[in-house]
Amino acid sequence: MRKLFAFLFFALFLAPAPLGARSFSRGRIVVHPGGRYLQYADGRPFFYLGDTAWEIFHRLNREEMAHYFEQRVRQGFNAVQGVALAELEGLTVPNTYGRLPLKFTDDAPDPARPDTDGAYSYWDHVDYAVELAAQHGMFITLLPTWGDKFNLCWGKGPEVFDEENAYLYGKWIGARYARHWNILWMLGGDRPLEEKHRRILDKMARGILESDKNHLITFHPNGTHNSTECLNDADYLSFHTAQTGHDVQQCYESDKVMRRMAEASGKPYMDFEPRYEDHPACFNDQIGYFWNADDVRQNAYWNLMAGVCGHTYGNHSIWSMTKAPSSYFPFSWTEALRHPGAEQMGFVKKLRLSHDFASFRHAPELIATELYGMGHLAAARGRDYGCVYSPLGLPFAVNLSVFTGSDKLRASWFDPRTGESAVFAIFPNKGRTTVVPPAQGKGCDWVLVLEEA
C-alpha cells in the first residue's frame, strides 16, 4: 500500500507537466505595474517582438512549422501571431491534413461545434504549434477568428458568429489553451466594429475570460485604425494596438499614431501591423515597388522611440504562407523567411533591452532639429541614457543639457542593419551639438545613443 501511495503521489504531483504548462507562473506575460510595458510574471522585462504568421495553422504541416519556428527564434522573435479560423477560406478549405476546424450544422460551419474528432484533428494541429512554440520559448498570439467570420465587409467569410455562439466558442477555446504559459489572446481580425460586431466581440471575450483569467487580451483593428478608437472602454483589453498599414496614409507617421494611443489610454500600446516587407506599396503590385527592409525598419524604430511595449514585423509572403509565388505575392514563404527585414528585427529588441527598461519614455526634448516626412527624427530617454533615430542619416542637432546625472556623455552610433554599436565622441552635458551619422540616404538609418559616462 505504501508503494502504491508513493507511485500515485509521483504520478499526480511530481511527474513532468505537459510542455505548454511548464513554468506557467514564470513564463506568462503581465502588464508592468507602471502601466506602459509588459513583463514576465516574475518581473523580468519583456519586449514583444512578433511575426504575423496568420495562416500558420491552416497552411503549414508539422515539418514546415518546425522550420519556421527555428528560423524565427534565431532571428530574435518571441511571439507569433496566428489565426485559429483563418482568413483564406479557413472554414471551407481543409488544412494540410485534410481537416476543418468546425463541424457543420444545416450546411454551415458552426462555431459552437469545434471538430476535435479523431487523431490529427485541426485542433490537434493548433495544439502542436502552441507546444512547438513553447519548446522555443515563444508565445502564440492567438486570434480565435479572423474578422470576416463576424463582419464579412470584404473577403470570403462566411459570417458564422452571433452573440450566443461567440460566447460558447470563446469559452471553449479559452479552456483549451488556459493551461499553456505561452498564450496571448488577440480579438478582432482586420475588420471594423459596428455596434452588432462589438456585441459579438464582447461576448467572445467574456467566454474566454470565464475559462482563462491568466492571459492578456488585445485587439487587431482594421487598416489605419487603432483599438483606442473602438475599444477604449473595454475592461478586458490588456493593451492597445494599431494597424498603421501598407499604404502611405500612416506609414510615415506611425510614431504619431503611437503617441495618440498613449494620450487616449494609460495602457501599453504598440503597432501590430505596420508595413510588411515584400508587400506591394499601396496594395498595387503594378506600381513596381514593394516595401523592403529599409521601410520596415523605419516603422520599427519610429515606434520604438514613441514608447511602445513591443513591435510586430510582417512579410507579405509569410502571413499568407505562399507556396506558389505570383506578382502580388512575389516569394515563397520559405524564401521570404530570411529576408533582410526579418533578420534585422531582433536588433530592435536588442536596443530596447540594452538599458534600464522601466524608465524608457518618448523624449522629444532631445531633438533640436526639425525634419519632416520620411526623414523625421524620433527620440526616447531613460534614467541615464537617450536615443535619437535618424531614418535617412541626415545631420541633426541634439539638446545635451537635458541630462543631469553626469557632466559627460558617451555618444555611439547604433546600426539598425547589423545591431552593432560604435562610440564616436564624448560630449559635455550642456547646450546643443550637431552630429553627422556615418552615412546618408534611403536605407542609411542610424540611432544616436547617448549615455551618461
# chains A, B, ... in the order shown; residues from 1 in each chain; ligands from 1

$ residues_around --residues "Asn299 of chain A" --least-positions-apart "2" --cutoff "10 Å" --atoms "only C-alpha atoms" --output "list in words"
Thr244, Gln250, Cys251, Tyr252, Glu253, Ser254, Asp255, Asp271, Pro274, Arg275, Asp294, Asp295, Val296, Arg297, Tyr301, Trp302, Asn303, Leu304, His311, Thr312, Tyr313 and Pro391 of chain A

$ select_by_dssp --residues "segment 302-383 of chain A" --states "alpha helix (DSSP H)" --output "list in words"
Trp302, Asn303, Leu304, Met305, His316, Ser317, Ile318, Trp319, Trp333, Thr334, Glu335, Ala336, Pro340, Gly341, Ala342, Glu343, Gln344, Met345, Gly346, Phe347, Val348, Lys349, Lys350, Leu351, Arg352 and Leu353 of chain A

$ closest_residue --among "A:Asn292, A:Asn315, A:Thr145, A:Thr334" --to "Leu187 of chain A" --atoms "only C-alpha atoms"
A:Thr145

$ residues_around --residues "Glu87 of chain A" --least-positions-apart "5" --cutoff "10 Å" --atoms "only C-alpha atoms" --output "PyMOL selection string"
chain A and resi 54-55+58+145-149+155-158+189-190+320

$ closest_residue --among "A:His316, A:Arg259, A:Arg199, A:Arg381" --to "Thr228 of chain A" --atoms "only C-alpha atoms"
A:Arg259

$ select_by_dssp --residues "segment 122-314 of chain A" --states "strand (DSSP E or B)" --output "ChimeraX atom specification"
/A:139-143,183-188,217-220,225-226,240-243,269-271,277,280,290,310-313

$ write_last_selection --atoms "N, CA and C atoms" --output "mmCIF file, in the first residue's frame"
data_model
loop_
_atom_site.group_PDB
_atom_site.id
_atom_site.type_symbol
_atom_site.label_atom_id
_atom_site.label_comp_id
_atom_site.auth_asym_id
_atom_site.auth_seq_id
_atom_site.Cartn_x
_atom_site.Cartn_y
_atom_site.Cartn_z
ATOM 1 N N PHE A 139 5.887 32.851 -27.666
ATOM 2 C CA PHE A 139 4.454 32.989 -27.423
ATOM 3 C C PHE A 139 3.671 32.828 -28.720
ATOM 4 N N ILE A 140 2.468 32.311 -28.585
ATOM 5 C CA ILE A 140 1.495 32.330 -29.665
ATOM 6 C C ILE A 140 0.457 33.384 -29.330
ATOM 7 N N THR A 141 0.383 34.411 -30.147
ATOM 8 C CA THR A 141 -0.678 35.407 -30.017
ATOM 9 C C THR A 141 -1.823 34.907 -30.883
ATOM 10 N N LEU A 142 -2.828 34.384 -30.217
ATOM 11 C CA LEU A 142 -3.842 33.570 -30.881
ATOM 12 C C LEU A 142 -5.115 34.365 -31.138
ATOM 13 N N LEU A 143 -5.441 34.511 -32.423
ATOM 14 C CA LEU A 143 -6.737 35.077 -32.806
ATOM 15 C C LEU A 143 -7.744 33.943 -32.881
ATOM 16 N N ILE A 183 0.505 31.765 -24.197
ATOM 17 C CA ILE A 183 -0.637 32.249 -24.979
ATOM 18 C C ILE A 183 -0.904 33.717 -24.662
ATOM 19 N N LEU A 184 -1.132 34.496 -25.705
ATOM 20 C CA LEU A 184 -1.734 35.824 -25.617
ATOM 21 C C LEU A 184 -2.952 35.794 -26.537
ATOM 22 N N TRP A 185 -4.026 36.439 -26.135
ATOM 23 C CA TRP A 185 -5.245 36.460 -26.947
ATOM 24 C C TRP A 185 -5.335 37.752 -27.746
ATOM 25 N N MET A 186 -5.765 37.628 -28.985
ATOM 26 C CA MET A 186 -5.985 38.793 -29.840
ATOM 27 C C MET A 186 -7.359 38.661 -30.498
ATOM 28 N N LEU A 187 -8.264 39.538 -30.132
ATOM 29 C CA LEU A 187 -9.585 39.564 -30.753
ATOM 30 C C LEU A 187 -9.550 40.421 -32.017
ATOM 31 N N GLY A 188 -10.657 40.448 -32.734
ATOM 32 C CA GLY A 188 -10.746 41.299 -33.924
ATOM 33 C C GLY A 188 -10.386 40.542 -35.182
ATOM 34 N N ILE A 217 -5.257 39.982 -23.101
ATOM 35 C CA ILE A 217 -6.099 40.076 -24.292
ATOM 36 C C ILE A 217 -5.855 41.416 -24.980
ATOM 37 N N THR A 218 -5.698 41.393 -26.284
ATOM 38 C CA THR A 218 -5.601 42.619 -27.064
ATOM 39 C C THR A 218 -6.525 42.509 -28.283
ATOM 40 N N PHE A 219 -6.337 43.403 -29.263
ATOM 41 C CA PHE A 219 -7.276 43.514 -30.380
ATOM 42 C C PHE A 219 -6.520 43.911 -31.633
ATOM 43 N N HIS A 220 -6.910 43.328 -32.762
ATOM 44 C CA HIS A 220 -6.303 43.645 -34.050
ATOM 45 C C HIS A 220 -7.291 44.459 -34.886
ATOM 46 N N HIS A 225 -6.347 52.218 -38.358
ATOM 47 C CA HIS A 225 -7.120 52.433 -37.130
ATOM 48 C C HIS A 225 -6.384 51.796 -35.959
ATOM 49 N N ASN A 226 -6.806 52.182 -34.752
ATOM 50 C CA ASN A 226 -6.227 51.570 -33.561
ATOM 51 C C ASN A 226 -7.330 51.266 -32.562
ATOM 52 N N HIS A 240 -3.256 48.097 -25.990
ATOM 53 C CA HIS A 240 -3.832 48.594 -27.233
ATOM 54 C C HIS A 240 -2.878 48.368 -28.412
ATOM 55 N N THR A 241 -3.463 48.266 -29.593
ATOM 56 C CA THR A 241 -2.668 48.101 -30.801
ATOM 57 C C THR A 241 -3.233 48.948 -31.940
ATOM 58 N N ALA A 242 -2.370 49.173 -32.923
ATOM 59 C CA ALA A 242 -2.762 49.875 -34.152
ATOM 60 C C ALA A 242 -2.403 49.020 -35.350
ATOM 61 N N GLN A 243 -3.066 49.283 -36.472
ATOM 62 C CA GLN A 243 -2.623 48.794 -37.775
ATOM 63 C C GLN A 243 -2.338 50.025 -38.630
ATOM 64 N N TYR A 269 0.837 50.017 -25.425
ATOM 65 C CA TYR A 269 0.384 50.179 -26.810
ATOM 66 C C TYR A 269 1.506 49.801 -27.762
ATOM 67 N N MET A 270 1.130 49.400 -28.973
ATOM 68 C CA MET A 270 2.115 49.046 -29.989
ATOM 69 C C MET A 270 1.445 48.954 -31.352
ATOM 70 N N ASP A 271 2.253 48.758 -32.378
ATOM 71 C CA ASP A 271 1.799 48.637 -33.762
ATOM 72 C C ASP A 271 1.815 47.164 -34.136
ATOM 73 N N GLU A 277 7.313 43.728 -45.100
ATOM 74 C CA GLU A 277 8.354 43.505 -46.094
ATOM 75 C C GLU A 277 7.758 42.690 -47.256
ATOM 76 N N PRO A 280 3.261 44.800 -51.772
ATOM 77 C CA PRO A 280 3.163 45.848 -52.790
ATOM 78 C C PRO A 280 2.723 47.159 -52.172
ATOM 79 N N PHE A 290 7.826 47.339 -53.899
ATOM 80 C CA PHE A 290 7.395 46.546 -52.753
ATOM 81 C C PHE A 290 8.145 47.046 -51.525
ATOM 82 N N GLY A 310 6.211 46.928 -27.573
ATOM 83 C CA GLY A 310 6.707 45.906 -28.486
ATOM 84 C C GLY A 310 6.493 46.321 -29.919
ATOM 85 N N HIS A 311 6.754 45.408 -30.819
ATOM 86 C CA HIS A 311 6.595 45.708 -32.244
ATOM 87 C C HIS A 311 6.327 44.408 -32.989
ATOM 88 N N THR A 312 5.553 44.510 -34.075
ATOM 89 C CA THR A 312 5.276 43.355 -34.921
ATOM 90 C C THR A 312 5.830 43.588 -36.321
ATOM 91 N N TYR A 313 6.564 42.601 -36.799
ATOM 92 C CA TYR A 313 7.065 42.561 -38.168
ATOM 93 C C TYR A 313 6.114 41.707 -38.998
#

$ residues_around --residues "Tyr40 of chain A" --least-positions-apart "2" --cutoff "10 Å" --atoms "only C-alpha atoms" --output "compact mmCIF listing (two decimals) with C-alpha atoms, in the first residue's frame"
# COMPACT_ATOMS: atom_id res chain seq x y z
CA SER A 25 3.86 31.47 -13.43
CA ARG A 26 7.39 32.34 -14.55
CA GLY A 27 6.70 32.32 -18.25
CA ARG A 28 3.41 34.14 -18.65
CA ILE A 29 3.22 37.83 -19.51
CA VAL A 30 1.60 40.55 -17.38
CA VAL A 31 1.33 44.33 -17.59
CA HIS A 32 4.14 46.19 -15.81
CA LEU A 38 4.90 44.20 -20.46
CA ASP A 42 8.44 37.11 -12.16
CA GLY A 43 9.32 40.72 -13.01
CA ARG A 44 11.75 40.27 -15.89
CA PRO A 45 11.24 42.86 -18.64
CA PHE A 46 9.56 41.68 -21.83
CA PHE A 47 9.68 43.48 -25.15

$ closest_residue --among "A:Val447, A:Tyr328, A:Asp235, A:Gly393" --to "Ala380 of chain A" --atoms "only C-alpha atoms"
A:Val447

$ decode --residues "segment 393-425 of chain A" --atoms "N, CA and C atoms" --output "CSV table (one decimal), in the first residue's frame"
chain,number,residue,atom,x,y,z
A,393,GLY,N,19.7,59.3,-42.1
A,393,GLY,CA,21.1,59.6,-41.8
A,393,GLY,C,21.5,61.1,-42.0
A,394,LEU,N,20.5,62.0,-42.0
A,394,LEU,CA,20.8,63.4,-42.2
A,394,LEU,C,21.4,64.0,-40.9
A,395,PRO,N,22.3,65.0,-41.0
A,395,PRO,CA,22.8,65.6,-39.8
A,395,PRO,C,21.7,66.3,-39.0
A,396,PHE,N,21.9,66.3,-37.7
A,396,PHE,CA,20.8,66.9,-36.8
A,396,PHE,C,21.5,67.3,-35.5
A,397,ALA,N,20.8,68.2,-34.8
A,397,ALA,CA,21.3,68.8,-33.5
A,397,ALA,C,20.5,68.1,-32.4
A,398,VAL,N,21.2,67.9,-31.3
A,398,VAL,CA,20.6,67.3,-30.1
A,398,VAL,C,20.8,68.3,-28.9
A,399,ASN,N,19.8,68.3,-28.0
A,399,ASN,CA,20.0,69.0,-26.7
A,399,ASN,C,20.6,68.2,-25.7
A,400,LEU,N,21.9,68.5,-25.3
A,400,LEU,CA,22.6,67.7,-24.3
A,400,LEU,C,22.3,68.1,-22.9
A,401,SER,N,21.8,69.3,-22.7
A,401,SER,CA,21.6,69.8,-21.3
A,401,SER,C,20.4,69.1,-20.6
A,402,VAL,N,19.7,68.2,-21.3
A,402,VAL,CA,18.6,67.5,-20.6
A,402,VAL,C,19.1,66.5,-19.7
A,403,PHE,N,20.4,66.1,-19.8
A,403,PHE,CA,21.0,65.1,-19.0
A,403,PHE,C,21.6,65.8,-17.8
A,404,THR,N,21.3,65.3,-16.6
A,404,THR,CA,21.8,66.0,-15.4
A,404,THR,C,22.6,65.1,-14.4
A,405,GLY,N,22.7,63.8,-14.7
A,405,GLY,CA,23.3,62.8,-13.8
A,405,GLY,C,24.8,62.8,-13.9
A,406,SER,N,25.4,63.3,-15.0
A,406,SER,CA,26.9,63.3,-15.1
A,406,SER,C,27.3,64.5,-16.0
A,407,ASP,N,28.5,64.9,-15.9
A,407,ASP,CA,28.9,66.0,-16.7
A,407,ASP,C,29.5,65.7,-18.1
A,408,LYS,N,29.5,64.3,-18.4
A,408,LYS,CA,29.9,63.9,-19.7
A,408,LYS,C,29.0,62.8,-20.2
A,409,LEU,N,28.9,62.8,-21.6
A,409,LEU,CA,28.0,61.9,-22.3
A,409,LEU,C,28.8,61.1,-23.3
A,410,ARG,N,28.7,59.8,-23.3
A,410,ARG,CA,29.3,59.0,-24.3
A,410,ARG,C,28.4,58.8,-25.4
A,411,ALA,N,28.8,59.1,-26.7
A,411,ALA,CA,28.0,59.1,-27.8
A,411,ALA,C,28.4,57.9,-28.7
A,412,SER,N,27.4,57.1,-29.2
A,412,SER,CA,27.6,56.0,-30.0
A,412,SER,C,26.6,56.0,-31.2
A,413,TRP,N,27.0,55.4,-32.3
A,413,TRP,CA,26.1,55.1,-33.4
A,413,TRP,C,25.7,53.6,-33.4
A,414,PHE,N,24.4,53.4,-33.3
A,414,PHE,CA,23.9,52.0,-33.3
A,414,PHE,C,23.4,51.8,-34.8
A,415,ASP,N,23.8,50.7,-35.4
A,415,ASP,CA,23.5,50.4,-36.8
A,415,ASP,C,22.3,49.5,-36.8
A,416,PRO,N,21.1,49.9,-37.3
A,416,PRO,CA,19.9,49.0,-37.4
A,416,PRO,C,20.1,47.9,-38.3
A,417,ARG,N,21.1,47.9,-39.2
A,417,ARG,CA,21.3,46.8,-40.2
A,417,ARG,C,22.1,45.7,-39.6
A,418,THR,N,23.0,46.0,-38.7
A,418,THR,CA,23.9,45.0,-38.1
A,418,THR,C,23.7,44.7,-36.6
A,419,GLY,N,23.1,45.7,-35.9
A,419,GLY,CA,22.9,45.6,-34.5
A,419,GLY,C,24.2,46.0,-33.7
A,420,GLU,N,25.2,46.5,-34.5
A,420,GLU,CA,26.5,46.8,-33.8
A,420,GLU,C,26.5,48.3,-33.4
A,421,SER,N,27.3,48.6,-32.4
A,421,SER,CA,27.4,49.9,-31.9
A,421,SER,C,28.8,50.4,-31.8
A,422,ALA,N,29.1,51.6,-32.1
A,422,ALA,CA,30.5,52.2,-32.0
A,422,ALA,C,30.5,53.5,-31.4
A,423,VAL,N,31.3,53.7,-30.4
A,423,VAL,CA,31.5,55.0,-29.7
A,423,VAL,C,32.2,56.0,-30.7
A,424,PHE,N,31.8,57.2,-30.8
A,424,PHE,CA,32.5,58.1,-31.7
A,424,PHE,C,32.8,59.5,-31.0
A,425,ALA,N,32.3,59.7,-29.8
A,425,ALA,CA,32.6,61.0,-29.1
A,425,ALA,C,32.3,61.0,-27.7
